[in-house]
file input_17.txt (compact mmCIF, C-alpha atoms)
# COMPACT_ATOMS: atom_id res chain seq x y z
CA MET A 1 133.82 95.99 159.88
CA ARG A 2 132.57 94.14 156.80
CA VAL A 3 130.30 96.22 154.61
CA SER A 4 128.41 94.79 151.67
CA ILE A 5 127.44 97.24 148.89
CA ILE A 6 124.80 96.10 146.41
CA LEU A 7 124.55 98.22 143.23
CA ALA A 8 121.77 97.92 140.66
CA HIS A 9 121.98 100.21 137.64
CA PRO A 10 122.65 99.20 134.02
CA ASN A 11 124.71 102.27 133.06
CA PRO A 12 128.34 102.22 134.32
CA GLY A 13 128.43 106.01 133.97
CA SER A 14 125.37 106.56 136.15
CA LEU A 15 125.12 108.59 139.32
CA ASN A 16 124.28 105.30 141.05
CA HIS A 17 127.71 103.94 140.12
CA GLY A 18 129.30 107.14 141.36
CA ILE A 19 127.47 106.85 144.68
CA ALA A 20 128.47 103.20 145.13
CA GLN A 21 132.11 103.94 144.29
CA ALA A 22 132.18 106.97 146.61
CA ALA A 23 130.74 104.89 149.45
CA ALA A 24 133.19 102.04 148.83
CA GLU A 25 136.23 104.33 148.66
CA THR A 26 135.19 106.18 151.81
CA LEU A 27 134.63 102.99 153.79
CA ARG A 28 137.86 101.38 152.56
CA GLY A 29 139.70 104.57 153.50
CA MET A 30 138.33 104.18 157.02
CA GLY A 31 139.74 100.65 157.23
CA HIS A 32 136.55 98.69 156.58
CA GLU A 33 136.48 95.51 154.50
CA VAL A 34 134.17 96.35 151.59
CA ARG A 35 132.62 94.10 148.97
CA LEU A 36 130.97 96.02 146.13
CA ARG A 37 128.63 93.89 144.03
CA ASP A 38 127.52 95.40 140.71
CA LEU A 39 124.60 93.14 139.80
CA TYR A 40 124.46 94.16 136.14
CA ALA A 41 128.22 93.79 135.63
CA GLU A 42 128.06 90.34 137.25
CA GLY A 43 125.16 89.31 135.06
CA PHE A 44 123.20 88.32 138.16
CA ASP A 45 120.18 86.27 137.05
CA PRO A 46 117.11 87.65 138.85
CA LEU A 47 114.86 84.70 138.01
CA LEU A 48 114.13 82.46 140.99
CA PRO A 49 113.74 78.87 139.82
CA ALA A 50 111.24 76.69 141.68
CA GLY A 51 114.05 74.36 142.73
CA GLU A 52 115.70 77.15 144.73
CA ILE A 53 112.69 77.90 146.90
CA PRO A 54 113.19 75.18 149.54
CA ARG A 55 115.42 76.20 152.42
CA GLU A 56 117.78 73.27 151.83
CA ALA A 57 118.09 73.85 148.05
CA ALA A 58 121.49 73.61 146.41
CA LEU A 59 122.33 77.10 145.13
CA PRO A 60 124.31 78.21 142.08
CA THR A 61 127.81 79.43 142.96
CA LEU A 62 127.09 83.14 142.45
CA VAL A 63 123.89 83.07 144.51
CA ASP A 64 125.66 81.12 147.25
CA GLU A 65 128.47 83.72 147.31
CA HIS A 66 125.94 86.53 147.74
CA CYS A 67 124.19 84.61 150.52
CA ARG A 68 127.43 84.06 152.42
CA GLU A 69 128.49 87.69 152.03
CA ILE A 70 125.20 89.19 153.18
CA ALA A 71 125.11 86.81 156.17
CA LEU A 72 128.60 87.91 157.26
CA ALA A 73 128.14 91.64 156.65
CA ASP A 74 128.27 94.01 159.63
CA GLY A 75 126.74 96.75 157.49
CA ILE A 76 124.82 96.91 154.22
CA VAL A 77 124.57 99.62 151.57
CA VAL A 78 122.10 99.34 148.67
CA VAL A 79 122.25 101.72 145.69
CA HIS A 80 119.58 101.84 142.99
CA PRO A 81 117.27 104.12 141.01
CA ASN A 82 113.60 104.53 141.78
CA TRP A 83 111.85 102.87 138.85
CA TRP A 84 108.04 102.96 139.09
CA GLY A 85 108.32 103.13 142.88
CA MET A 86 110.33 99.89 142.85
CA PRO A 87 113.92 98.72 142.64
CA PRO A 88 115.07 97.52 139.20
CA ALA A 89 114.01 93.94 138.42
CA ILE A 90 117.57 92.66 138.82
CA LEU A 91 117.62 93.88 142.44
CA THR A 92 114.15 92.52 143.18
CA GLY A 93 115.39 89.18 141.87
CA TRP A 94 118.47 89.48 144.09
CA VAL A 95 116.12 89.86 147.07
CA ASP A 96 114.10 86.84 145.89
CA ARG A 97 117.21 84.64 145.60
CA VAL A 98 119.51 85.93 148.35
CA ILE A 99 117.23 87.13 151.16
CA ARG A 100 116.29 83.54 151.89
CA PRO A 101 115.19 81.49 154.87
CA GLY A 102 118.07 80.05 156.80
CA VAL A 103 120.32 82.88 155.61
CA CYS A 104 118.49 86.11 156.40
CA TYR A 105 115.48 84.99 158.43
CA GLU A 106 113.80 81.91 159.86
CA PHE A 107 110.42 80.94 161.21
CA VAL A 108 110.18 79.78 164.81
CA GLU A 109 109.58 76.11 165.52
CA GLY A 110 106.02 75.07 164.74
CA ASP A 111 105.50 77.96 162.32
CA GLY A 112 104.75 76.76 158.80
CA GLY A 113 105.56 80.13 157.25
CA GLU A 114 102.40 81.98 158.20
CA GLY A 115 103.85 83.88 161.16
CA VAL A 116 106.38 86.64 161.64
CA PRO A 117 109.92 85.40 161.03
CA ARG A 118 112.96 86.04 163.19
CA GLY A 119 115.77 87.98 161.52
CA LEU A 120 119.13 86.27 161.14
CA LEU A 121 121.30 88.96 159.57
CA LYS A 122 124.35 89.98 161.57
CA ALA A 123 124.15 93.57 160.30
CA ARG A 124 122.17 95.93 162.48
CA ARG A 125 122.53 98.95 160.19
CA ALA A 126 121.74 99.46 156.51
CA VAL A 127 121.76 102.43 154.16
CA VAL A 128 119.75 102.70 150.96
CA PHE A 129 120.71 105.34 148.40
CA ASN A 130 118.16 106.01 145.67
CA THR A 131 118.16 108.28 142.67
CA SER A 132 114.92 109.67 141.32
CA ASN A 133 113.41 111.93 138.68
CA THR A 134 110.40 112.69 140.88
CA PHE A 135 110.35 115.54 143.37
CA GLU A 136 110.30 114.25 146.95
CA GLU A 137 107.06 116.07 147.81
CA ARG A 138 105.25 114.40 144.89
CA GLU A 139 106.75 111.00 145.69
CA ARG A 140 105.34 111.15 149.22
CA ALA A 141 102.02 112.85 148.48
CA VAL A 142 101.03 110.95 145.33
CA PHE A 143 102.79 107.59 145.64
CA GLY A 144 103.31 107.24 149.40
CA ASP A 145 107.06 106.57 148.99
CA PRO A 146 106.83 102.79 148.49
CA LEU A 147 110.63 102.33 148.57
CA GLU A 148 110.63 103.41 152.21
CA ARG A 149 108.24 100.58 153.10
CA ILE A 150 109.96 98.02 150.88
CA TRP A 151 113.43 98.45 152.33
CA LYS A 152 112.73 99.38 155.94
CA ASP A 153 109.77 97.16 156.75
CA CYS A 154 109.51 94.44 154.13
CA VAL A 155 113.18 93.56 153.76
CA PHE A 156 115.60 94.81 156.40
CA ARG A 157 113.57 94.86 159.62
CA LEU A 158 112.13 91.45 158.78
CA CYS A 159 115.73 90.18 158.59
CA GLY A 160 116.77 91.74 161.89
CA VAL A 161 118.37 94.95 160.60
CA THR A 162 116.88 97.49 162.97
CA ASP A 163 118.67 100.70 161.99
CA VAL A 164 117.79 101.57 158.38
CA HIS A 165 118.61 104.90 156.73
CA ARG A 166 117.50 106.00 153.29
CA ARG A 167 118.45 109.00 151.18
CA THR A 168 117.02 109.84 147.77
CA PHE A 169 118.97 112.09 145.43
CA GLY A 170 116.94 113.94 142.82
CA VAL A 171 115.78 115.24 140.52
CA VAL A 172 118.63 113.63 138.56
CA CYS A 173 117.48 114.34 134.98
CA VAL A 174 117.74 118.13 135.48
CA SER A 175 120.70 118.14 137.90
CA THR A 176 123.96 119.93 137.21
CA ARG A 177 127.44 118.44 137.54
CA GLU A 178 127.91 120.58 140.65
CA GLN A 179 124.71 119.20 142.19
CA ARG A 180 125.79 115.62 141.52
CA GLU A 181 129.18 116.30 143.10
CA THR A 182 127.37 117.65 146.18
CA TRP A 183 125.28 114.46 146.32
CA LEU A 184 128.42 112.30 146.09
CA ASP A 185 129.94 114.25 148.99
CA GLU A 186 126.75 113.75 150.98
CA ALA A 187 126.84 110.00 150.31
CA ARG A 188 130.45 109.92 151.57
CA GLN A 189 129.47 111.79 154.73
CA ILE A 190 126.50 109.51 155.38
CA VAL A 191 128.48 106.26 155.19
CA ALA A 192 131.33 107.75 157.25
CA ARG A 193 128.86 108.75 159.98
CA LEU A 194 126.84 105.54 159.97
CA PHE A 195 129.79 103.14 159.74
CA PRO A 196 132.42 104.72 162.03
CA LYS A 197 135.85 103.24 162.60
CA GLY A 198 136.00 100.33 165.09

call {"tool": "encode", "arguments": {"input": "input_17.txt", "output": "structure tokens"}}
result
Amino acid sequence: MRVSIILAHPNPGSLNHGIAQAAAETLRGMGHEVRLRDLYAEGFDPLLPAGEIPREAALPTLVDEHCREIALADGIVVVHPNWWGMPPAILTGWVDRVIRPGVCYEFVEGDGGEGVPRGLLKARRAVVFNTSNTFEERERAVFGDPLERIWKDCVFRLCGVTDVHRRTFGVVCVSTREQRETWLDEARQIVARLFPKG
């Protein structure tokens, strides 16, 4: 199975990096083909130029690589912090540039873009790991957990990924080393369960 891991956190020593590495090592150990993309380390440019918007646009090499990888993935893992109820800007820009028509979704014939698109992604399962400094109860009660809607409804299900799991680890800023190790173990268990061997 090909699994694409997309990581978005600027600090290489972050819990997010630890989660992405733990997931990658676990999946590789199970025999999966894993591609871990660290958007900050790659210097991924999140700005979508107007010339890239058309479906037939010529894409820069790095964006084209990401498009090909996400189209071929059997499973997807996304790792990022909760910043203001949103993914970091670099990851939002990745969505803008990579989750594109003709790669991840398409509109049916006769639809000018106003209807509901048909998903094209091969993957049927995705996992989103978030870190947060907000207690889960407050996130849901006060903010309505916008990341749940963004990833499950606005991105993955629109692209045909029907089985979407999300786990938020927090509160990170007051966590102990032992707590973070427990979260890493949980991330390992989640990917092992959701992406079993052939």

call {"tool": "closest_atom_pairs", "arguments": {"input": "input_17.txt", "of": "segment 114-146 of chain A", "to": "segment 75-86 of chain A", "cutoff": "10 Å", "atoms": "all atoms listed in the file", "output": "CSV"}}
result
residue,atom,partner,partner_atom,distance
A:Leu121,CA,A:Gly75,CA,9.7
A:Lys122,CA,A:Gly75,CA,8.3
A:Ala123,CA,A:Gly75,CA,5.0
A:Arg124,CA,A:Gly75,CA,6.8
A:Arg125,CA,A:Gly75,CA,5.5
A:Ala126,CA,A:Ile76,CA,4.6
A:Val127,CA,A:Val77,CA,4.7
A:Val128,CA,A:Val78,CA,4.7
A:Phe129,CA,A:Val79,CA,4.8
A:Asn130,CA,A:Pro81,CA,5.1
A:Thr131,CA,A:Pro81,CA,4.6
A:Ser132,CA,A:Asn82,CA,5.3
A:Asn133,CA,A:Asn82,CA,8.0
A:Thr134,CA,A:Asn82,CA,8.8
A:Glu139,CA,A:Gly85,CA,8.5
A:Phe143,CA,A:Gly85,CA,7.6
A:Gly144,CA,A:Gly85,CA,9.2
A:Asp145,CA,A:Gly85,CA,7.1
A:Pro146,CA,A:Gly85,CA,5.8

call {"tool": "closest_residue", "arguments": {"input": "input_17.txt", "among": "A:Leu62, A:Ala22, A:Ile6, A:Met1", "to": "Ala187 of chain A", "atoms": "only C-alpha atoms"}}
result
A:Ala22

call {"tool": "atom_distance", "arguments": {"input": "input_17.txt", "atom1": "atom CA of Val116 of chain A", "atom2": "atom CA of Leu147 of chain A"}}
result
20.9 Å

call {"tool": "atom_distance", "arguments": {"input": "input_17.txt", "atom1": "atom CA of Arg149 of chain A", "atom2": "atom CA of Arg166 of chain A"}}
result
10.7 Å

call {"tool": "atom_distance", "arguments": {"input": "input_17.txt", "atom1": "atom CA of Ile5 of chain A", "atom2": "atom CA of Leu36 of chain A"}}
result
4.6 Å

call {"tool": "axis_aligned_box", "arguments": {"input": "input_17.txt", "around": "segment 126-139 of chain A", "padding_each_side": "8 Å", "output": "lines of an AutoDock Vina configuration file"}}
result
center_x = 113.5
center_y = 107.8
center_z = 147.6
size_x = 32.5
size_y = 32.6
size_z = 33.8

call {"tool": "residues_near_point", "arguments": {"input": "input_17.txt", "point": "(129.9, 91.3, 157.0)", "cutoff": "9 Å", "atoms": "all atoms listed in the file", "output": "PyMOL selection string"}}
result
chain A and resi 1-4+33-35+68-76+122-123

call {"tool": "write_last_selection", "arguments": {"input": "input_17.txt", "atoms": "C-alpha atoms", "output": "PDB file, in the coordinates of the input"}}
result
ATOM      1  CA  MET A   1     133.820  95.990 159.880  1.00  0.00           C
ATOM      2  CA  ARG A   2     132.570  94.140 156.800  1.00  0.00           C
ATOM      3  CA  VAL A   3     130.300  96.220 154.610  1.00  0.00           C
ATOM      4  CA  SER A   4     128.410  94.790 151.670  1.00  0.00           C
ATOM      5  CA  GLU A  33     136.480  95.510 154.500  1.00  0.00           C
ATOM      6  CA  VAL A  34     134.170  96.350 151.590  1.00  0.00           C
ATOM      7  CA  ARG A  35     132.620  94.100 148.970  1.00  0.00           C
ATOM      8  CA  ARG A  68     127.430  84.060 152.420  1.00  0.00           C
ATOM      9  CA  GLU A  69     128.490  87.690 152.030  1.00  0.00           C
ATOM     10  CA  ILE A  70     125.200  89.190 153.180  1.00  0.00           C
ATOM     11  CA  ALA A  71     125.110  86.810 156.170  1.00  0.00           C
ATOM     12  CA  LEU A  72     128.600  87.910 157.260  1.00  0.00           C
ATOM     13  CA  ALA A  73     128.140  91.640 156.650  1.00  0.00           C
ATOM     14  CA  ASP A  74     128.270  94.010 159.630  1.00  0.00           C
ATOM     15  CA  GLY A  75     126.740  96.750 157.490  1.00  0.00           C
ATOM     16  CA  ILE A  76     124.820  96.910 154.220  1.00  0.00           C
ATOM     17  CA  LYS A 122     124.350  89.980 161.570  1.00  0.00           C
ATOM     18  CA  ALA A 123     124.150  93.570 160.300  1.00  0.00           C
TER      19      ALA A 123
END

call {"tool": "residues_around", "arguments": {"input": "input_17.txt", "residues": "segment 194-198 of chain A", "least_positions_apart": "2", "cutoff": "8 Å", "atoms": "only C-alpha atoms", "output": "list in words"}}
result
Met1, Leu27, Met30, Gly31, His32, Gly75, Arg125, Ile190, Val191 and Ala192 of chain A

call {"tool": "closest_residue", "arguments": {"input": "input_17.txt", "among": "A:Tyr105, A:Leu7, A:Leu15, A:Phe169", "to": "Glu186 of chain A", "atoms": "only C-alpha atoms"}}
result
A:Phe169

call {"tool": "closest_residue", "arguments": {"input": "input_17.txt", "among": "A:Arg28, A:Arg140, A:Arg188, A:His17", "to": "Ala41 of chain A", "atoms": "only C-alpha atoms"}}
result
A:His17
